[in-house]
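This is upload_36.txt. It holds compact mmCIF, C-alpha atoms.
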```txt
# COMPACT_ATOMS: atom_id res chain seq x y z
CA MET A 1 -32.97 -33.85 -5.54
CA ALA A 2 -30.17 -34.11 -3.01
CA SER A 3 -27.21 -31.76 -3.28
CA TYR A 4 -23.74 -32.70 -2.06
CA PHE A 5 -20.70 -30.61 -1.21
CA GLY A 6 -18.48 -30.30 -4.28
CA GLU A 7 -21.25 -31.27 -6.68
CA VAL A 8 -21.26 -29.42 -10.00
CA VAL A 9 -24.76 -28.06 -10.54
CA TYR A 10 -25.38 -26.83 -14.08
CA PRO A 11 -27.82 -23.96 -14.75
CA SER A 12 -31.39 -24.91 -15.56
CA SER A 13 -31.18 -22.84 -18.75
CA ARG A 14 -28.36 -22.39 -21.26
CA ALA A 15 -29.31 -18.71 -21.34
CA PHE A 16 -27.92 -18.23 -17.84
CA TRP A 17 -24.80 -20.22 -18.68
CA PHE A 18 -23.88 -18.11 -21.71
CA SER A 19 -24.90 -14.91 -19.96
CA ASP A 20 -22.43 -15.58 -17.16
CA GLU A 21 -19.68 -16.38 -19.66
CA PHE A 22 -20.24 -13.17 -21.59
CA ASP A 23 -20.36 -11.12 -18.38
CA GLU A 24 -17.01 -12.54 -17.24
CA GLU A 25 -15.51 -11.95 -20.68
CA ASP A 26 -16.70 -8.35 -20.73
CA GLN A 27 -15.30 -7.81 -17.25
CA ASP A 28 -11.91 -9.25 -18.25
CA ASN A 29 -11.78 -7.07 -21.35
CA SER A 30 -12.65 -4.01 -19.26
CA GLU A 31 -9.87 -4.74 -16.79
CA ASN A 32 -7.32 -5.47 -19.51
CA SER A 33 -8.15 -2.18 -21.27
CA PHE A 34 -7.63 -0.12 -18.10
CA GLU A 35 -4.39 1.86 -18.18
CA PHE A 36 -2.38 4.09 -15.86
CA ASN A 37 -0.55 6.97 -17.51
CA ALA A 38 2.57 8.27 -15.78
CA GLU A 39 3.87 11.78 -16.48
CA TRP A 40 7.55 12.46 -15.65
CA PRO A 41 8.12 16.10 -16.73
CA LYS A 42 11.89 15.81 -16.22
CA GLY A 43 12.19 12.10 -16.93
CA SER A 44 12.17 9.18 -14.51
CA PRO A 45 15.18 8.80 -12.19
CA THR A 46 17.96 6.45 -13.23
CA SER A 47 19.05 5.72 -9.67
CA ILE A 48 17.10 5.60 -6.40
CA LYS A 49 18.57 4.45 -3.11
CA THR A 50 15.23 3.96 -1.32
CA LEU A 51 11.71 3.96 -2.72
CA LEU A 52 8.97 4.35 -0.12
CA ILE A 53 5.44 3.34 -1.17
CA ILE A 54 2.55 4.56 0.99
CA GLU A 55 -1.03 3.33 0.77
CA GLY A 56 -4.20 3.61 2.84
CA ASP A 57 -6.23 6.63 3.95
CA MET A 58 -4.61 7.10 7.36
CA ILE A 59 -1.09 6.60 6.01
CA LEU A 60 -1.69 9.05 3.16
CA ASP A 61 -3.22 11.67 5.48
CA PHE A 62 -0.27 11.39 7.86
CA PHE A 63 2.36 11.76 5.15
CA GLU A 64 0.55 14.55 3.33
CA THR A 65 0.32 16.53 6.57
CA CYS A 66 3.68 15.77 8.15
CA VAL A 67 6.10 14.77 5.38
CA LEU A 68 5.03 15.73 1.86
CA HIS A 69 4.18 19.39 2.39
CA ASP A 70 7.73 20.42 1.37
CA ALA A 71 8.35 17.52 -1.01
CA LYS A 72 8.97 17.96 -4.73
CA GLU A 73 6.38 16.34 -6.99
CA VAL A 74 8.22 14.59 -9.84
CA CYS A 75 5.53 12.37 -11.36
CA LYS A 76 1.76 12.19 -11.64
CA ILE A 77 0.03 8.91 -12.48
CA HIS A 78 -3.43 9.34 -13.98
CA HIS A 79 -6.03 6.60 -13.80
CA GLY A 80 -9.45 7.40 -15.12
CA SER A 81 -11.44 10.11 -13.41
CA GLY A 82 -10.12 9.29 -9.93
CA LYS A 83 -7.52 11.14 -7.89
CA PRO A 84 -4.02 10.65 -9.38
CA SER A 85 -1.14 8.92 -7.65
CA PHE A 86 2.16 10.76 -7.22
CA PHE A 87 5.90 10.32 -6.92
CA TYR A 88 7.74 12.76 -4.67
CA SER A 89 11.43 13.43 -4.24
CA ILE A 90 12.32 13.89 -0.58
CA SER A 91 16.06 13.83 -1.19
CA GLU A 92 18.51 12.33 -3.66
CA ASP A 93 18.33 9.11 -1.65
CA LEU A 94 14.58 8.89 -1.00
CA TYR A 95 11.55 8.91 -3.28
CA ILE A 96 7.96 8.41 -2.13
CA CYS A 97 5.16 6.87 -4.18
CA SER A 98 1.77 7.99 -2.87
CA VAL A 99 -0.87 5.51 -4.04
CA SER A 100 -4.27 7.10 -4.60
CA PRO A 101 -7.20 5.58 -2.66
CA ASP A 102 -8.96 5.43 -6.03
CA VAL A 103 -6.67 2.61 -7.20
CA LYS A 104 -9.01 -0.38 -7.05
CA LEU A 105 -7.84 -3.71 -5.70
CA HIS A 106 -8.39 -5.50 -9.02
CA HIS A 107 -6.16 -2.92 -10.74
CA THR A 108 -3.26 -3.46 -8.35
CA GLY A 109 -1.34 -5.66 -10.77
CA ILE A 110 -1.67 -3.10 -13.58
CA PHE A 111 -0.44 -0.33 -11.28
CA VAL A 112 2.58 -2.35 -10.13
CA ASP A 113 3.39 -3.11 -13.74
CA GLN A 114 3.20 0.62 -14.53
CA ILE A 115 5.82 1.46 -11.88
CA SER A 116 7.90 -1.69 -12.43
CA ASN A 117 10.74 0.30 -14.00
CA ILE A 118 11.02 2.41 -10.84
CA LEU A 119 10.81 -0.69 -8.62
CA THR A 120 13.67 -2.16 -10.64
CA THR A 121 15.69 1.06 -10.43
CA ALA A 122 15.42 1.37 -6.64
CA LYS A 123 18.17 -0.29 -4.63
CA GLY A 124 15.73 -0.90 -1.77
CA ILE A 125 11.94 -0.76 -1.39
CA ILE A 126 9.89 -0.01 1.71
CA ALA A 127 6.09 -0.16 1.59
CA VAL A 128 3.74 1.10 4.31
CA THR A 129 0.04 0.39 4.52
CA CYS A 130 -2.59 0.16 7.28
CA SER A 131 -5.45 -1.95 8.51
CA HIS A 132 -7.80 -2.19 11.48
CA SER A 133 -6.52 -4.17 14.45
CA SER A 134 -9.55 -6.45 14.30
CA GLN A 135 -8.26 -7.75 10.96
CA TYR A 136 -5.08 -9.11 12.53
CA LYS A 137 -5.52 -12.75 13.48
CA THR A 138 -3.40 -13.89 16.41
CA MET A 139 -3.58 -15.85 19.66
CA GLU A 140 -1.52 -13.10 21.29
CA LYS A 141 -3.39 -10.52 23.33
CA ILE A 142 -2.48 -7.07 22.02
CA GLU A 143 -3.77 -4.09 23.98
CA ALA A 144 -1.76 -1.35 22.26
CA PRO A 145 -3.81 1.24 20.32
CA SER A 146 -1.62 0.54 17.30
CA PHE A 147 1.26 -1.74 16.31
CA LEU A 148 3.48 -2.52 13.33
CA ARG A 149 3.96 -5.88 11.64
CA SER A 150 6.25 -6.57 8.70
CA LEU A 151 7.15 -8.84 5.80
CA THR A 152 10.46 -8.88 3.96
CA THR A 153 11.98 -10.40 0.87
CA LYS A 154 14.85 -12.83 1.26
CA GLY A 155 18.08 -11.26 2.46
CA THR A 156 16.41 -8.08 3.70
CA THR A 157 17.18 -6.73 7.16
CA ARG A 158 14.39 -4.89 8.96
CA LEU A 159 15.08 -1.48 10.44
CA GLU A 160 16.71 -2.36 13.76
CA LYS A 161 15.17 0.46 15.78
CA VAL A 162 11.63 -0.17 14.58
CA ASP A 163 9.67 -2.78 16.54
CA ALA A 164 7.85 -4.66 13.79
CA PRO A 165 7.64 -8.44 14.22
CA ARG A 166 6.87 -10.59 11.23
CA ILE A 167 3.23 -10.93 10.12
CA THR A 168 2.10 -14.41 11.10
CA GLN A 169 -0.18 -16.82 9.30
CA PRO A 170 -3.05 -16.87 8.41
CA ASN A 171 -2.93 -13.06 7.97
CA ILE A 172 -2.82 -11.70 4.44
CA VAL A 173 -1.91 -8.32 2.92
CA SER A 174 -3.33 -6.97 -0.31
CA GLY A 175 -3.02 -3.86 -2.43
CA VAL A 176 -0.18 -2.10 -4.23
CA CYS A 177 2.19 -2.50 -1.27
CA ALA A 178 1.74 -6.26 -1.29
CA GLY A 179 2.10 -6.32 -5.08
CA ALA A 180 5.33 -4.30 -4.90
CA LEU A 181 6.75 -6.68 -2.29
CA SER A 182 5.92 -9.68 -4.48
CA PHE A 183 7.52 -7.98 -7.48
CA ALA A 184 10.65 -7.21 -5.46
CA ASP A 185 10.82 -10.80 -4.27
CA ALA A 186 10.57 -12.05 -7.87
CA ILE A 187 13.51 -9.90 -9.01
CA LYS A 188 15.45 -10.57 -5.78
CA LYS A 189 15.29 -6.96 -4.63
CA PRO A 190 15.60 -6.01 -0.92
CA ALA A 191 12.15 -4.90 0.24
CA THR A 192 10.18 -4.57 3.46
CA LEU A 193 6.44 -4.18 3.90
CA TYR A 194 5.13 -2.57 7.09
CA VAL A 195 1.48 -2.73 8.12
CA LEU A 196 0.22 -0.32 10.78
CA TYR A 197 -2.68 -1.92 12.62
CA VAL A 198 -4.86 0.63 14.41
CA ASP A 199 -7.72 -0.06 16.82
CA GLY A 200 -9.74 2.88 15.50
CA PHE A 201 -10.42 4.69 12.26
CA SER A 202 -8.28 7.73 12.97
CA LEU A 203 -4.76 8.56 14.15
CA ASP A 204 -3.88 10.56 17.22
CA SER A 205 -0.59 11.31 18.99
CA ILE A 206 -0.56 7.83 20.56
CA SER A 207 -1.69 5.58 17.73
CA ALA A 208 0.60 7.40 15.27
CA LYS A 209 3.71 6.72 17.39
CA PRO A 210 4.88 3.60 15.46
CA LEU A 211 4.47 5.52 12.21
CA ILE A 212 6.43 8.49 13.54
CA ASP A 213 9.26 6.19 14.70
CA LEU A 214 9.33 4.60 11.25
CA CYS A 215 9.50 8.00 9.53
CA VAL A 216 12.33 9.10 11.81
CA GLU A 217 14.32 5.98 10.91
CA LEU A 218 13.68 6.62 7.23
CA LYS A 219 14.72 10.25 7.76
CA CYS A 220 11.38 11.53 6.49
CA CYS A 221 11.09 13.81 9.48
CA SER A 222 13.23 14.86 12.41
CA PRO A 223 12.52 13.69 15.97
CA HIS A 224 13.16 17.29 17.07
CA GLN A 225 10.72 18.77 14.59
CA THR A 226 7.64 20.20 16.29
CA THR A 227 4.53 21.17 14.39
CA VAL A 228 1.40 22.05 16.31
CA ALA A 229 -1.38 20.40 14.37
CA THR A 230 -4.98 21.38 14.82
CA ASN A 231 -7.45 18.73 13.71
CA VAL A 232 -4.76 16.68 11.96
CA PHE A 233 -6.40 14.72 9.14
CA ASN A 234 -9.59 16.08 10.75
CA LYS A 235 -9.36 12.88 12.74
CA GLY A 236 -7.02 13.26 15.67
CA ASN A 237 -4.62 15.35 17.74
CA LEU A 238 -1.19 14.42 16.39
CA TYR A 239 1.79 16.55 17.35
CA ILE A 240 5.27 15.94 15.95
```

I'd like the structure from this file rewritten - as structure tokens, please.
Amino acid sequence: MASYFGEVVYPSSRAFWFSDEFDEEDQDNSENSFEFNAEWPKGSPTSIKTLLIIEGDMILDFFETCVLHDAKEVCKIHHGSGKPSFFYSISEDLYICSVSPDVKLHHTGIFVDQISNILTTAKGIIAVTCSHSSQYKTMEKIEAPSFLRSLTTKGTTRLEKVDAPRITQPNIVSGVCAGALSFADAIKKPATLYVLYVDGFSLDSISAKPLIDLCVELKCCSPHQTTVATNVFNKGNLYI
């Protein structure tokens, strides 16, 4: 029997049909029952000037090594048996949300909903994530070991000193950072998403340069700060 594109082909047995339905229903119920539990020992902040959300192994490793070592942990978000996510207070003006790598893509919406009160409280939101350079689709020839691209909500001005052109179509961004940007856009909140595209699977002093410049602009670290790092992230030779 001939088969055509777009043709609806029903299963040869009703057993398969109902089995698929039940499997999908069970999966939906499992996802809907999943919860994140946030612990704020001293209560959640009532005012935040800037909320920085970081996501992705390389981004997390960089911040944990170079920024968060002196930060004050103010919230822990538990999710199952995986590594928790955290909120840190860098200053009165800056809070950082460190998204655990154990947050699955299909739980992104639930996570964003869990932190929606903080997203609403923040006057401005900046999200930073990463991806491999091969995932960036463009006709432009890019030879740099790493580069930043960005997306913003309406009315948001990008950081002037950070070279981060707009992400072009047909590129897409997923994860908590993308979800936070969408949430901010829905409530008309100023927000910027930065994606660090890297041509390898580790950061070194060269490929981390756009990230360092971004952190300096956000006042996460000082350009005059020098920390000799041996086997930074166990992946590179970063010095800042």

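Straight-line separation from atom CA of A:Gly175 to atom CA of A:Ile142: 24.7 Å.
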
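From atom CA of A:Thr120 back to atom CA of A:Lys188, the distance works out to 9.9 Å.
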
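Atom pair atom CA of A:Pro84 / atom CA of A:Asp185 has a distance of 26.6 Å (rounded to one decimal).
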
Give me, as a short mmCIF file (atom, residue, chain, number, x, y, z; two decimals) with C-alpha atoms, in the coordinates of the input, all polymer residues having an atom no more than 8 Å from A:Val162, counting only C-alpha atoms and skipping those fewer than 6 positions away in the same chain.
```cif
data_model
loop_
_atom_site.label_atom_id
_atom_site.label_comp_id
_atom_site.auth_asym_id
_atom_site.auth_seq_id
_atom_site.Cartn_x
_atom_site.Cartn_y
_atom_site.Cartn_z
CA PRO A 210 4.88 3.60 15.46
CA ASP A 213 9.26 6.19 14.70
CA LEU A 214 9.33 4.60 11.25
CA GLU A 217 14.32 5.98 10.91
#
```

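With all atoms listed in the file as the basis for measurement, A:Met139 is the residue among A:Met139, A:Val67, A:Leu52, A:Ala127 that approaches A:Pro170 most closely.
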
A:Leu51 environment, 8 Å, only C-alpha atoms, sequence neighbours closer than 4 positions dropped, as a PyMOL selection string: chain A and resi 94-97+119+122-126

Same residues, C-alpha atoms, output as a PDB file, in the coordinates of the input:
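Below is the file out35.pdb, written as the result:
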```
ATOM      1  CA  LEU A  94      14.580   8.890  -1.000  1.00  0.00           C
ATOM      2  CA  TYR A  95      11.550   8.910  -3.280  1.00  0.00           C
ATOM      3  CA  ILE A  96       7.960   8.410  -2.130  1.00  0.00           C
ATOM      4  CA  CYS A  97       5.160   6.870  -4.180  1.00  0.00           C
ATOM      5  CA  LEU A 119      10.810  -0.690  -8.620  1.00  0.00           C
ATOM      6  CA  ALA A 122      15.420   1.370  -6.640  1.00  0.00           C
ATOM      7  CA  LYS A 123      18.170  -0.290  -4.630  1.00  0.00           C
ATOM      8  CA  GLY A 124      15.730  -0.900  -1.770  1.00  0.00           C
ATOM      9  CA  ILE A 125      11.940  -0.760  -1.390  1.00  0.00           C
ATOM     10  CA  ILE A 126       9.890  -0.010   1.710  1.00  0.00           C
TER      11      ILE A 126
END
```

Of the listed residues A:Asp57, A:Asp163, A:Asp113, A:Glu92, that which approaches A:Asn37 most closely, counting only C-alpha atoms: A:Asp113

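Every polymer residue reaching to within 6 Å of (-8.4, 4.8, -10.6), counting all atoms listed in the file, appears in this list: His79, Gly80, Gly82, Asp102 and Val103 of chain A.
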
For A:Cys177, the nearest of the candidates A:Ile54, A:Ile48, A:Val216, A:Leu159, counting only C-alpha atoms: A:Ile54

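If only C-alpha atoms are the atoms counted, then among A:Phe86, A:Phe63, A:Trp40, A:Tyr136 the closest residue to A:Ala208 is A:Phe63.
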